[in-house]
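See below for coords-v8.cif, which holds mmCIF, C-alpha atoms.
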```cif
data_protein
#
loop_
_atom_site.label_atom_id
_atom_site.label_comp_id
_atom_site.auth_asym_id
_atom_site.auth_seq_id
_atom_site.Cartn_x
_atom_site.Cartn_y
_atom_site.Cartn_z
CA MET A 1 -77.09 146.47 -110.73
CA ILE A 2 -76.65 142.67 -110.70
CA CYS A 3 -77.62 141.92 -114.30
CA GLY A 4 -76.17 143.02 -117.63
CA ASP A 5 -75.93 141.89 -121.22
CA GLY A 6 -72.22 141.16 -121.47
CA ASN A 7 -72.84 137.47 -122.14
CA ALA A 8 -75.94 137.80 -124.28
CA PRO A 9 -76.18 135.02 -126.89
CA PRO A 10 -76.21 135.77 -130.60
CA ASP A 11 -79.52 136.51 -132.28
CA GLY A 12 -81.66 133.39 -132.72
CA GLU A 13 -80.09 131.52 -129.81
CA ILE A 14 -81.78 131.31 -126.41
CA SER A 15 -79.57 130.76 -123.39
CA VAL A 16 -80.91 128.71 -120.47
CA ALA A 17 -79.79 127.76 -116.96
CA PHE A 18 -80.99 124.73 -115.00
CA ALA A 19 -80.60 124.76 -111.23
CA LEU A 20 -79.47 121.55 -109.51
CA PRO A 21 -80.48 122.33 -105.91
CA ALA A 22 -78.51 119.43 -104.35
CA GLY A 23 -75.75 119.06 -106.93
CA LEU A 24 -75.03 115.96 -108.97
CA THR A 25 -76.82 113.49 -106.73
CA ASN A 26 -78.77 110.64 -108.27
CA GLY A 27 -82.34 111.23 -109.34
CA GLY A 28 -84.49 111.75 -112.38
CA VAL A 29 -84.32 115.57 -112.31
CA THR A 30 -80.52 115.47 -112.37
CA THR A 31 -80.52 112.97 -115.24
CA TRP A 32 -83.02 115.06 -117.21
CA SER A 33 -81.11 118.31 -116.64
CA LEU A 34 -77.73 116.82 -117.60
CA ASP A 35 -79.04 115.26 -120.79
CA LEU A 36 -81.12 118.24 -121.90
CA SER A 37 -78.35 120.76 -121.23
CA LYS A 38 -75.93 118.72 -123.29
CA ARG A 39 -78.33 118.47 -126.23
CA LEU A 40 -79.22 122.17 -126.13
CA ASN A 41 -75.55 123.13 -126.28
CA GLN A 42 -75.19 120.87 -129.30
CA ARG A 43 -78.09 122.80 -130.87
CA SER A 44 -76.33 126.14 -130.22
CA HIS A 45 -78.59 127.18 -127.36
CA ARG A 46 -76.10 128.04 -124.63
CA SER A 47 -77.00 126.02 -121.55
CA LYS A 48 -75.54 126.00 -118.05
CA LEU A 49 -76.17 123.88 -114.98
CA ILE A 50 -75.99 125.80 -111.70
CA CYS A 51 -74.68 123.06 -109.45
CA HIS A 52 -75.30 123.57 -105.73
CA SER A 53 -73.53 121.64 -102.99
CA ALA A 54 -74.76 118.12 -102.36
CA TRP A 55 -76.45 116.97 -99.19
CA PRO A 56 -73.91 115.84 -96.56
CA GLY A 57 -72.99 112.20 -96.93
CA ARG A 58 -74.55 111.78 -100.39
CA ALA A 59 -72.54 110.34 -103.27
CA THR A 60 -72.29 112.51 -106.39
CA PHE A 61 -71.57 111.99 -110.08
CA THR A 62 -68.19 112.98 -111.45
CA SER A 63 -68.23 115.94 -113.83
CA ASP A 64 -64.78 116.01 -115.39
CA ASP A 65 -66.19 115.70 -118.91
CA ARG A 66 -68.70 118.58 -118.54
CA ASN A 67 -68.06 122.22 -119.42
CA ASP A 68 -71.58 123.44 -118.69
CA LEU A 69 -71.43 123.18 -114.87
CA VAL A 70 -71.33 126.33 -112.75
CA PRO A 71 -70.56 125.56 -109.06
CA CYS A 72 -72.67 127.37 -106.47
CA ASP A 73 -71.59 126.96 -102.86
CA GLY A 74 -74.30 125.77 -100.50
CA SER A 75 -77.34 123.49 -100.79
CA ALA A 76 -80.48 125.22 -102.06
CA TRP A 77 -82.80 122.83 -100.27
CA GLY A 78 -84.50 124.78 -97.47
CA ALA A 79 -82.27 127.80 -98.03
CA GLY A 80 -83.26 130.99 -96.23
CA ILE A 81 -82.93 134.55 -97.39
CA ASP A 82 -79.31 134.94 -96.21
CA ALA A 83 -78.22 131.85 -98.19
CA ILE A 84 -80.21 133.08 -101.20
CA ARG A 85 -78.36 136.39 -101.14
CA GLY A 86 -75.16 134.36 -101.20
CA PHE A 87 -76.29 132.47 -104.31
CA LEU A 88 -77.16 135.68 -106.16
CA PRO A 89 -73.72 136.53 -107.67
CA THR A 90 -73.38 133.04 -109.19
CA TYR A 91 -76.86 133.12 -110.72
CA ALA A 92 -76.44 136.66 -112.03
CA ALA A 93 -73.10 135.84 -113.66
CA VAL A 94 -74.70 133.12 -115.80
CA GLN A 95 -77.08 135.63 -117.43
CA PRO A 96 -79.45 133.25 -119.22
CA LYS A 97 -82.61 134.28 -120.97
CA ILE A 98 -84.46 131.34 -119.38
CA PHE A 99 -84.18 129.98 -115.83
CA VAL A 100 -85.43 126.50 -114.85
CA PRO A 101 -85.26 126.48 -111.02
CA ASN A 102 -86.42 122.84 -110.71
CA TRP A 103 -87.49 121.92 -107.20
CA SER A 104 -86.34 124.05 -104.25
CA TRP A 105 -87.33 127.21 -102.40
CA GLY A 106 -83.71 128.33 -102.54
CA THR A 107 -83.47 128.22 -106.34
CA TYR A 108 -86.86 129.87 -106.92
CA GLY A 109 -86.10 132.43 -104.23
CA THR A 110 -82.77 133.36 -105.82
CA VAL A 111 -84.42 133.90 -109.20
CA ALA A 112 -87.19 135.96 -107.57
CA LEU A 113 -84.66 138.15 -105.76
CA MET A 114 -82.64 138.67 -108.92
CA SER A 115 -85.73 139.74 -110.85
CA LEU A 116 -86.12 142.78 -108.60
CA ASP A 117 -83.25 144.36 -110.53
CA ALA A 118 -84.86 146.26 -113.41
CA ALA A 119 -81.83 145.52 -115.58
CA CYS A 120 -82.51 141.77 -115.45
CA ASP A 121 -84.20 140.38 -118.56
CA PHE A 122 -85.03 136.69 -118.13
CA ARG A 123 -88.04 134.39 -117.96
CA VAL A 124 -88.80 131.41 -115.73
CA VAL A 125 -90.03 128.00 -116.89
CA ALA A 126 -91.34 125.95 -113.98
CA PHE A 127 -91.28 122.16 -114.30
CA ALA A 128 -93.46 120.08 -111.98
CA HIS A 129 -91.45 116.88 -111.98
CA THR A 130 -93.51 115.10 -109.31
CA ASP A 131 -97.16 114.84 -108.29
CA GLN A 132 -96.39 116.20 -104.85
CA ASP A 133 -97.66 119.11 -102.77
CA HIS A 134 -94.16 120.57 -102.52
CA TYR A 135 -94.03 121.26 -106.25
CA TYR A 136 -97.51 122.75 -106.31
CA GLN A 137 -96.70 125.02 -103.36
CA LEU A 138 -93.61 126.30 -105.17
CA MET A 139 -95.51 127.07 -108.34
CA VAL A 140 -98.43 128.78 -106.64
CA TYR A 141 -96.15 130.94 -104.50
CA TYR A 142 -93.78 131.91 -107.32
CA GLU A 143 -96.50 132.22 -109.97
CA PRO A 144 -95.81 135.98 -110.47
CA ILE A 145 -92.39 135.30 -112.07
CA ILE A 146 -93.26 132.11 -113.97
CA SER A 147 -93.83 132.43 -117.73
CA LYS A 148 -94.70 128.79 -118.44
CA PHE A 149 -95.66 125.84 -116.25
CA VAL A 150 -94.77 122.35 -117.50
CA GLY A 151 -96.20 119.13 -116.07
CA VAL A 152 -94.55 115.83 -116.92
CA SER A 153 -97.77 113.80 -116.76
CA GLU A 154 -101.49 114.23 -117.38
CA THR A 155 -102.14 114.00 -113.63
CA ILE A 156 -99.80 116.92 -112.94
CA LEU A 157 -101.15 118.91 -115.88
CA GLU A 158 -104.71 118.70 -114.56
CA ARG A 159 -103.62 119.52 -111.01
CA LEU A 160 -101.83 122.67 -112.20
CA ARG A 161 -104.85 123.76 -114.21
CA GLY A 162 -107.02 123.33 -111.13
CA LEU A 163 -104.65 125.34 -108.93
CA LEU A 164 -103.95 128.11 -111.45
CA PRO A 165 -107.07 128.42 -113.66
CA TRP A 166 -106.24 132.01 -114.65
CA ARG A 167 -102.93 130.76 -116.11
CA ALA A 168 -104.42 127.87 -118.12
CA LYS A 169 -102.95 129.07 -121.42
CA ASP A 170 -99.47 129.01 -119.87
CA ILE A 171 -99.68 125.39 -118.65
CA CYS A 172 -98.59 122.48 -120.84
CA LYS A 173 -97.39 118.89 -120.67
CA LEU A 174 -94.05 117.55 -121.85
CA MET A 175 -93.07 113.92 -121.20
CA TYR A 176 -89.40 113.05 -120.81
CA PRO A 177 -87.38 111.71 -123.74
CA VAL A 178 -85.39 108.49 -123.35
CA ALA A 179 -83.32 106.27 -125.61
CA ALA A 180 -84.86 103.11 -127.04
CA ARG A 181 -83.48 100.02 -128.69
CA THR A 182 -83.94 99.64 -132.41
CA GLN A 183 -84.63 95.91 -132.21
CA SER A 184 -85.86 93.19 -129.86
CA ARG A 185 -83.70 91.70 -127.16
CA THR A 186 -82.37 88.16 -127.49
CA PRO A 187 -84.50 86.14 -125.08
CA ASP A 188 -83.02 83.91 -122.37
CA ARG A 189 -85.77 81.44 -121.66
CA ASN A 190 -83.93 79.22 -119.20
CA GLY A 191 -81.65 81.46 -117.11
CA ARG A 192 -82.46 83.09 -113.81
CA LEU A 193 -84.78 86.08 -113.91
CA THR A 194 -82.99 89.38 -113.34
CA LEU A 195 -84.78 92.29 -111.66
CA ALA A 196 -83.39 95.83 -111.48
CA TYR A 197 -84.00 98.97 -109.47
CA GLY A 198 -82.35 102.28 -110.30
CA GLY A 199 -82.86 105.43 -108.24
CA ARG A 200 -82.62 106.89 -104.77
CA ILE A 201 -82.26 104.33 -102.00
CA GLU A 202 -84.66 105.91 -99.55
CA GLN A 203 -87.90 105.01 -97.86
CA ARG A 204 -89.51 108.42 -98.24
CA GLN A 205 -91.27 108.48 -101.63
CA LYS A 206 -89.38 105.45 -103.02
CA ARG A 207 -90.47 102.91 -100.34
CA ILE A 208 -87.26 101.01 -101.02
CA LEU A 209 -87.65 98.81 -97.94
CA ASP A 210 -90.50 97.06 -99.76
CA LEU A 211 -87.66 95.27 -101.54
CA THR A 212 -87.03 93.17 -98.43
CA ALA A 213 -90.64 92.03 -98.33
CA LEU A 214 -90.53 91.24 -102.05
CA THR A 215 -87.46 89.01 -101.72
CA ASP A 216 -89.05 87.19 -98.78
CA LEU A 217 -92.15 86.43 -100.86
CA LEU A 218 -90.14 85.36 -103.92
CA ALA A 219 -88.12 83.01 -101.71
CA LEU A 220 -91.35 81.03 -101.31
CA LYS A 221 -91.71 80.64 -105.08
CA HIS A 222 -89.94 78.08 -107.25
CA GLY A 223 -87.85 80.41 -109.40
CA HIS A 224 -84.27 81.66 -109.36
CA TYR A 225 -83.97 85.44 -109.05
CA HIS A 226 -81.12 87.92 -109.24
CA PHE A 227 -81.52 91.55 -108.14
CA LYS A 228 -79.43 94.50 -109.38
CA ILE A 229 -79.75 97.64 -107.26
CA ALA A 230 -78.22 100.90 -108.49
CA GLY A 231 -78.35 104.12 -106.51
CA ASP A 232 -77.45 105.86 -103.29
CA GLY A 233 -79.42 107.11 -100.33
CA PRO A 234 -79.99 106.94 -96.58
CA GLN A 235 -81.40 103.39 -96.58
CA LEU A 236 -78.52 101.85 -98.56
CA PRO A 237 -76.51 100.71 -95.48
CA GLN A 238 -79.68 99.24 -93.95
CA LEU A 239 -80.49 97.28 -97.10
CA MET A 240 -76.95 96.01 -97.53
CA GLU A 241 -76.83 94.87 -93.91
CA HIS A 242 -80.19 93.12 -94.26
CA PHE A 243 -79.13 91.13 -97.31
CA ALA A 244 -75.71 90.35 -95.84
CA LYS A 245 -77.43 88.68 -92.89
CA ARG A 246 -80.35 87.12 -94.73
CA LYS A 247 -79.42 84.14 -96.87
CA TYR A 248 -81.68 82.89 -99.65
CA ALA A 249 -81.26 79.62 -101.51
CA ASP A 250 -82.42 80.87 -104.90
CA ILE A 251 -82.06 84.67 -104.64
CA SER A 252 -78.93 86.76 -105.11
CA ILE A 253 -78.44 90.52 -105.02
CA GLU A 254 -75.86 93.06 -106.21
CA PHE A 255 -75.50 96.65 -105.02
CA PHE A 256 -73.80 98.94 -107.52
CA GLY A 257 -73.97 102.23 -105.61
CA LEU A 258 -74.28 105.43 -107.58
CA VAL A 259 -74.20 104.71 -111.32
CA ALA A 260 -73.55 107.52 -113.81
CA HIS A 261 -76.70 108.22 -115.80
CA GLU A 262 -75.02 107.42 -119.13
CA ARG A 263 -74.25 103.92 -117.84
CA MET A 264 -77.79 103.12 -116.72
CA THR A 265 -78.63 101.76 -120.17
CA HIS A 266 -76.40 98.76 -119.47
CA LEU A 267 -78.26 98.06 -116.22
CA TRP A 268 -81.65 98.03 -117.93
CA GLU A 269 -80.57 95.98 -120.94
CA SER A 270 -79.07 93.36 -118.60
CA ALA A 271 -82.32 92.93 -116.63
CA ASP A 272 -85.66 91.33 -117.44
CA ILE A 273 -87.86 93.35 -115.08
CA SER A 274 -87.64 96.80 -113.51
CA MET A 275 -89.28 97.66 -110.20
CA LEU A 276 -90.82 100.82 -108.80
CA PHE A 277 -92.23 100.80 -105.25
CA SER A 278 -92.89 104.55 -105.04
CA GLU A 279 -95.60 106.28 -103.03
CA PHE A 280 -95.66 109.17 -105.53
CA GLU A 281 -93.92 110.09 -108.80
CA GLY A 282 -94.31 112.42 -111.76
CA MET A 283 -93.34 110.40 -114.82
CA SER A 284 -90.63 108.03 -113.63
CA ILE A 285 -87.56 108.37 -115.83
CA SER A 286 -86.20 105.04 -114.62
CA MET A 287 -89.48 103.41 -115.68
CA LEU A 288 -89.23 104.96 -119.15
CA GLU A 289 -85.53 104.15 -119.53
CA SER A 290 -86.08 100.53 -118.59
CA MET A 291 -88.96 100.19 -121.05
CA GLY A 292 -86.80 101.63 -123.82
CA GLN A 293 -84.34 98.79 -123.27
CA GLY A 294 -87.03 96.11 -123.22
CA CYS A 295 -86.98 95.73 -119.44
CA VAL A 296 -90.57 95.09 -118.35
CA PRO A 297 -91.73 97.48 -115.59
CA ILE A 298 -93.74 96.46 -112.54
CA VAL A 299 -94.69 99.72 -110.86
CA THR A 300 -97.04 101.21 -108.33
CA ASP A 301 -100.21 103.09 -109.26
CA VAL A 302 -98.82 106.62 -109.18
CA SER A 303 -98.71 109.59 -111.55
CA GLY A 304 -97.44 108.56 -114.96
CA SER A 305 -97.98 104.82 -114.54
CA ARG A 306 -101.41 104.46 -116.15
CA GLU A 307 -100.58 107.12 -118.70
CA LYS A 308 -97.63 105.09 -119.96
CA ILE A 309 -98.39 101.47 -119.08
CA THR A 310 -101.23 99.31 -120.32
CA HIS A 311 -101.48 96.66 -117.62
CA GLY A 312 -100.43 93.28 -118.95
CA GLU A 313 -99.35 94.68 -122.33
CA THR A 314 -96.53 97.17 -121.69
CA GLY A 315 -95.90 96.40 -118.03
CA PHE A 316 -97.83 95.95 -114.81
CA ILE A 317 -99.35 98.29 -112.22
CA VAL A 318 -100.05 97.36 -108.59
CA PRO A 319 -101.39 99.41 -105.67
CA VAL A 320 -98.79 101.12 -103.51
CA GLY A 321 -97.56 98.61 -100.92
CA ASP A 322 -99.09 95.56 -102.64
CA ILE A 323 -95.91 93.52 -102.68
CA GLY A 324 -97.87 90.27 -102.83
CA SER A 325 -99.26 91.14 -106.27
CA MET A 326 -95.83 92.24 -107.44
CA ALA A 327 -94.30 88.92 -106.37
CA GLN A 328 -97.07 86.95 -108.08
CA ILE A 329 -96.59 88.83 -111.37
CA ILE A 330 -92.84 88.19 -111.25
CA ALA A 331 -93.37 84.48 -110.64
CA GLU A 332 -95.87 84.25 -113.51
CA LEU A 333 -93.51 86.01 -115.93
CA ASP A 334 -90.68 83.74 -114.83
CA ALA A 335 -92.82 80.75 -115.74
CA ASP A 336 -93.94 82.24 -119.08
CA ARG A 337 -90.83 83.61 -120.80
CA PRO A 338 -92.51 83.95 -124.24
CA ARG A 339 -95.05 86.33 -122.66
CA LEU A 340 -92.22 88.26 -121.02
CA GLN A 341 -90.59 88.61 -124.45
CA ARG A 342 -93.81 89.88 -126.06
CA ILE A 343 -94.23 92.54 -123.38
CA SER A 344 -90.56 93.48 -123.70
CA ASP A 345 -91.02 94.13 -127.42
CA ALA A 346 -94.15 96.20 -126.75
CA CYS A 347 -92.24 98.33 -124.21
CA ILE A 348 -89.54 99.13 -126.74
CA ARG A 349 -92.09 100.15 -129.39
CA SER A 350 -94.02 102.32 -126.94
CA VAL A 351 -90.98 104.36 -125.91
CA ARG A 352 -89.47 104.49 -129.39
CA ASP A 353 -92.69 105.91 -130.84
CA HIS A 354 -93.44 108.54 -128.18
CA HIS A 355 -90.26 109.66 -126.38
CA ARG A 356 -87.79 110.80 -129.05
CA SER A 357 -85.28 113.40 -127.89
CA ASP A 358 -85.48 115.36 -131.15
CA ASP A 359 -89.22 115.86 -130.73
CA TYR A 360 -88.79 116.81 -127.09
CA ASP A 361 -86.06 119.34 -127.79
CA ARG A 362 -88.13 121.05 -130.48
CA GLN A 363 -91.02 121.39 -128.05
CA PHE A 364 -88.78 122.67 -125.27
CA ILE A 365 -87.19 125.27 -127.55
CA ALA A 366 -90.67 126.32 -128.72
CA ILE A 367 -91.65 126.88 -125.07
CA MET A 368 -88.55 129.03 -124.56
CA ARG A 369 -89.38 131.11 -127.63
CA MET A 370 -92.92 131.70 -126.39
CA CYS A 371 -91.51 132.87 -123.07
CA ILE A 372 -89.11 135.28 -124.77
CA ASP A 373 -92.07 136.84 -126.58
CA GLY A 374 -93.61 137.72 -123.21
CA PRO A 375 -92.54 140.12 -120.44
CA PRO A 376 -89.51 139.43 -118.23
CA ALA A 377 -89.87 138.04 -114.72
CA ARG A 378 -90.64 140.64 -112.04
CA TRP A 379 -91.21 139.71 -108.43
CA PRO A 380 -93.71 141.85 -106.47
CA ALA A 381 -91.55 144.04 -104.23
CA ALA A 382 -93.99 143.77 -101.30
CA LYS A 383 -94.08 139.95 -101.30
CA PRO A 384 -91.47 138.06 -99.23
CA ILE A 385 -88.85 136.25 -101.32
CA VAL A 386 -89.54 133.08 -99.35
CA PRO A 387 -92.65 132.32 -97.29
CA THR A 388 -92.45 133.59 -93.74
CA ASN A 389 -94.47 130.81 -92.10
#
```
Final structure tokens representation of the file:
Amino acid sequence: MICGDGNAPPDGEISVAFALPAGLTNGGVTTWSLDLSKRLNQRSHRSKLICHSAWPGRATFTSDDRNDLVPCDGSAWGAGIDAIRGFLPTYAAVQPKIFVPNWSWGTYGTVALMSLDAACDFRVVAFAHTDQDHYYQLMVYYEPIISKFVGVSETILERLRGLLPWRAKDICKLMYPVAARTQSRTPDRNGRLTLAYGGRIEQRQKRILDLTALTDLLALKHGHYHFKIAGDGPQLPQLMEHFAKRKYADISIEFFGLVAHERMTHLWESADISMLFSEFEGMSISMLESMGQGCVPIVTDVSGSREKITHGETGFIVPVGDIGSMAQIIAELDADRPRLQRISDACIRSVRDHHRSDDYDRQFIAIMRMCIDGPPARWPAAKPIVPTN
């Protein structure tokens, strides 16, 4: 037997465990998990973060101030059955009532394997954080053990309903909560325009190398621009080398590396515009966080963008790869600072009215309670724990 009830929470409390498949690396899922786990513990719902090893060479957040982290040796990304068996004792020791595996075959596979023990009594809540085939493949394959499916945008919600029509009543949408200012920012109508990016520094999905094309186009404009880049990833050395060699008369750039998620607020409140070049997203947390601090987003037309942004009123949306339009919008906002201020104020109101953490937590806890009212997760014994092809 691998499961027991020695750590069962008191009546009325629901314990939960979030898997971090690549540890405390930067990204929206990590930020969301860290924040939500902390708030749930404050609400007396025991929460743990199962923290796998990070990818080799990736920077990680420090965790000295956290008591909800449970180390699990080995990365869960692409983990096979032997690695999954190795994860099993760590997962079983946590003994939550709810598992949130997040985004890897290794984390879902470990939960599936554990559910084969008849003594185990837990449910699985599956979050689709990104409008990407990988997430949909996970959820379709592991559907037998999933109690509730949660999409973070309308696009994802509809895609899940199309893929799993017989589970429609178990599919819902829950948009991320973020902090928002209580008042307008003090405008700077004469200083240089500051643009910020926060997230993974990688070409896959994030298309971060579009930043070089953007700076080249802005160099042809008449403004003065300063870029703040926060994050870590495989393209960071390439970007830093490019900007060390390329000199611009009216453009400067700072690289901050990995920034702890609780310090990202300062980045957004110190910038005028946030940028998102992505090829696909779910509901970008960096976009929402920047809006909450009055930083006007210019983003690509991906999942979550049109749901959150009204073009020209609470930000701007451009086609993926259309760096020319992005540069033109930036130049126009630089020349019309009162308009930039009006959009900044609208961004703050939009996030403040629709992304409160208290509302989110109540909905999340309600989802957990609905899961507890249903049967525990049980993986079909004849089905492979991970796909064989």
| field | Output of the PyMOL selection byres ((chain A and resi 115) around 12), listed as a VMD selection string | value | chain A and resid 1 to 3 88 91 to 92 95 97 99 108 to 114 116 to 124 142 144 to 146 375 to 381 385
File of the preceding selection, C-alpha atoms, as a PDB file, in the coordinates of the input:
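Just written: again-v6.pdb:
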```
ATOM      1  CA  MET A   1     -77.090 146.470-110.730  1.00  0.00           C
ATOM      2  CA  ILE A   2     -76.650 142.670-110.700  1.00  0.00           C
ATOM      3  CA  CYS A   3     -77.620 141.920-114.300  1.00  0.00           C
ATOM      4  CA  LEU A  88     -77.160 135.680-106.160  1.00  0.00           C
ATOM      5  CA  TYR A  91     -76.860 133.120-110.720  1.00  0.00           C
ATOM      6  CA  ALA A  92     -76.440 136.660-112.030  1.00  0.00           C
ATOM      7  CA  GLN A  95     -77.080 135.630-117.430  1.00  0.00           C
ATOM      8  CA  LYS A  97     -82.610 134.280-120.970  1.00  0.00           C
ATOM      9  CA  PHE A  99     -84.180 129.980-115.830  1.00  0.00           C
ATOM     10  CA  TYR A 108     -86.860 129.870-106.920  1.00  0.00           C
ATOM     11  CA  GLY A 109     -86.100 132.430-104.230  1.00  0.00           C
ATOM     12  CA  THR A 110     -82.770 133.360-105.820  1.00  0.00           C
ATOM     13  CA  VAL A 111     -84.420 133.900-109.200  1.00  0.00           C
ATOM     14  CA  ALA A 112     -87.190 135.960-107.570  1.00  0.00           C
ATOM     15  CA  LEU A 113     -84.660 138.150-105.760  1.00  0.00           C
ATOM     16  CA  MET A 114     -82.640 138.670-108.920  1.00  0.00           C
ATOM     17  CA  LEU A 116     -86.120 142.780-108.600  1.00  0.00           C
ATOM     18  CA  ASP A 117     -83.250 144.360-110.530  1.00  0.00           C
ATOM     19  CA  ALA A 118     -84.860 146.260-113.410  1.00  0.00           C
ATOM     20  CA  ALA A 119     -81.830 145.520-115.580  1.00  0.00           C
ATOM     21  CA  CYS A 120     -82.510 141.770-115.450  1.00  0.00           C
ATOM     22  CA  ASP A 121     -84.200 140.380-118.560  1.00  0.00           C
ATOM     23  CA  PHE A 122     -85.030 136.690-118.130  1.00  0.00           C
ATOM     24  CA  ARG A 123     -88.040 134.390-117.960  1.00  0.00           C
ATOM     25  CA  VAL A 124     -88.800 131.410-115.730  1.00  0.00           C
ATOM     26  CA  TYR A 142     -93.780 131.910-107.320  1.00  0.00           C
ATOM     27  CA  PRO A 144     -95.810 135.980-110.470  1.00  0.00           C
ATOM     28  CA  ILE A 145     -92.390 135.300-112.070  1.00  0.00           C
ATOM     29  CA  ILE A 146     -93.260 132.110-113.970  1.00  0.00           C
ATOM     30  CA  PRO A 375     -92.540 140.120-120.440  1.00  0.00           C
ATOM     31  CA  PRO A 376     -89.510 139.430-118.230  1.00  0.00           C
ATOM     32  CA  ALA A 377     -89.870 138.040-114.720  1.00  0.00           C
ATOM     33  CA  ARG A 378     -90.640 140.640-112.040  1.00  0.00           C
ATOM     34  CA  TRP A 379     -91.210 139.710-108.430  1.00  0.00           C
ATOM     35  CA  PRO A 380     -93.710 141.850-106.470  1.00  0.00           C
ATOM     36  CA  ALA A 381     -91.550 144.040-104.230  1.00  0.00           C
ATOM     37  CA  ILE A 385     -88.850 136.250-101.320  1.00  0.00           C
TER      38      ILE A 385
END
```
| message | List as a ChimeraX atom specification the protein and nucleic acid residues near Ser184 of chain A, meaning an atom at most 10 Å away when all atoms listed in the file are counted, but skip any in the same chain fewer than 6 places from it. | response | /A:293-294,341-342,344-349
Result set, the PyMOL selection byres ((chain A and resi 10-25) around 6) on current file, as an mmCIF file with C-alpha atoms, in the coordinates of the input:
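The file below, expr-v2.cif, is the result:
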```cif
data_model
loop_
_atom_site.group_PDB
_atom_site.id
_atom_site.type_symbol
_atom_site.label_atom_id
_atom_site.label_comp_id
_atom_site.auth_asym_id
_atom_site.auth_seq_id
_atom_site.Cartn_x
_atom_site.Cartn_y
_atom_site.Cartn_z
ATOM 1 C CA PRO A 9 -76.180 135.020 -126.890
ATOM 2 C CA ASN A 26 -78.770 110.640 -108.270
ATOM 3 C CA HIS A 45 -78.590 127.180 -127.360
ATOM 4 C CA ARG A 46 -76.100 128.040 -124.630
ATOM 5 C CA SER A 47 -77.000 126.020 -121.550
ATOM 6 C CA LYS A 48 -75.540 126.000 -118.050
ATOM 7 C CA LEU A 49 -76.170 123.880 -114.980
ATOM 8 C CA ILE A 50 -75.990 125.800 -111.700
ATOM 9 C CA CYS A 51 -74.680 123.060 -109.450
ATOM 10 C CA HIS A 52 -75.300 123.570 -105.730
ATOM 11 C CA SER A 53 -73.530 121.640 -102.990
ATOM 12 C CA ALA A 54 -74.760 118.120 -102.360
ATOM 13 C CA THR A 60 -72.290 112.510 -106.390
ATOM 14 C CA PHE A 61 -71.570 111.990 -110.080
ATOM 15 C CA SER A 75 -77.340 123.490 -100.790
ATOM 16 C CA ALA A 76 -80.480 125.220 -102.060
ATOM 17 C CA PRO A 96 -79.450 133.250 -119.220
ATOM 18 C CA LYS A 97 -82.610 134.280 -120.970
ATOM 19 C CA ILE A 98 -84.460 131.340 -119.380
ATOM 20 C CA PHE A 99 -84.180 129.980 -115.830
ATOM 21 C CA VAL A 100 -85.430 126.500 -114.850
ATOM 22 C CA PRO A 101 -85.260 126.480 -111.020
#
```
| request: Kindly resolve the PyMOL selection byres ((chain A and resi 131) around 10) on the present coordinates and return the residues as an NGL selection string. | output: :A and (128-130 or 132-136 or 151-153 or 155-157 or 159-160 or 280-283 or 302-304)
| request: Find the residues near Val386 of chain A: any atom within 9 Å, counting only C-alpha atoms, skip ones fewer than 2 places away on the same chain, and give them as a list in words. | output: Gly80, Ile81, Trp105, Gly106, Tyr108, Gly109, Tyr141, Lys383, Pro384 and Thr388 of chain A
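Look at Ala271 of chain A: the protein and nucleic acid residues within 10 Å of it, using all atoms listed in the file and passing over chain neighbours fewer than 4 places away, are Leu193, Thr194, Leu195, Ala196, Tyr197, His226, Phe227, Lys228, His266, Leu267, Ser290, Gln293, Gly294, Cys295 and Val296 of chain A.
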| said: Set the distance at 10 Å and use all atoms listed in the file: which residues neighbour Lys169 of chain A once local chain neighbours fewer than 5 positions away are removed? I'd like the list as a ChimeraX atom specification. | reply: /A:148-149,161
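Nearest residue to Gly374 of chain A, choosing from A:Ser147, A:Phe243, A:Trp55, A:Val125 and counting only C-alpha atoms: A:Ser147.
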| Nearest residue to Lys206 of chain A from the set A:Phe316, A:Phe127, A:Phe277, A:Trp103 (distances using only C-alpha atoms) |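 For Lys206 of chain A, the nearest of the given residues is A:Phe277.
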| message | I want to know what sits within 9 Å of segment 257-263 of chain A, based on all atoms listed in the file, with residues of the same chain fewer than 4 positions away left out; could you give that as a list in words? | response |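 Non-adjacent residues within range: Thr25, Asn26, Thr30, Thr31, Leu34, Asp35, Ala59, Thr60, Phe61, Thr62, Gly198, Gly199, Arg200, Ile229, Ala230, Gly231, Asp232, Leu236 and Leu267 of chain A.
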How big is the axis-aligned box around the listed atoms of segment 304-311 of chain A once 8 Å is added on each side, and where is its centre? Give both in Å to one decimal, as AutoDock Vina command-line options.
```
--center_x -99.5 --center_y 102.6 --center_z -117.4 --size_x 20.0 --size_y 27.9 --size_z 21.8
```
| remark: Judged by all atoms listed in the file, the minimum distance to Arg306 of chain A among A:Ala168, A:Gln235, A:Glu154, A:Ser37 is found for A:Glu154
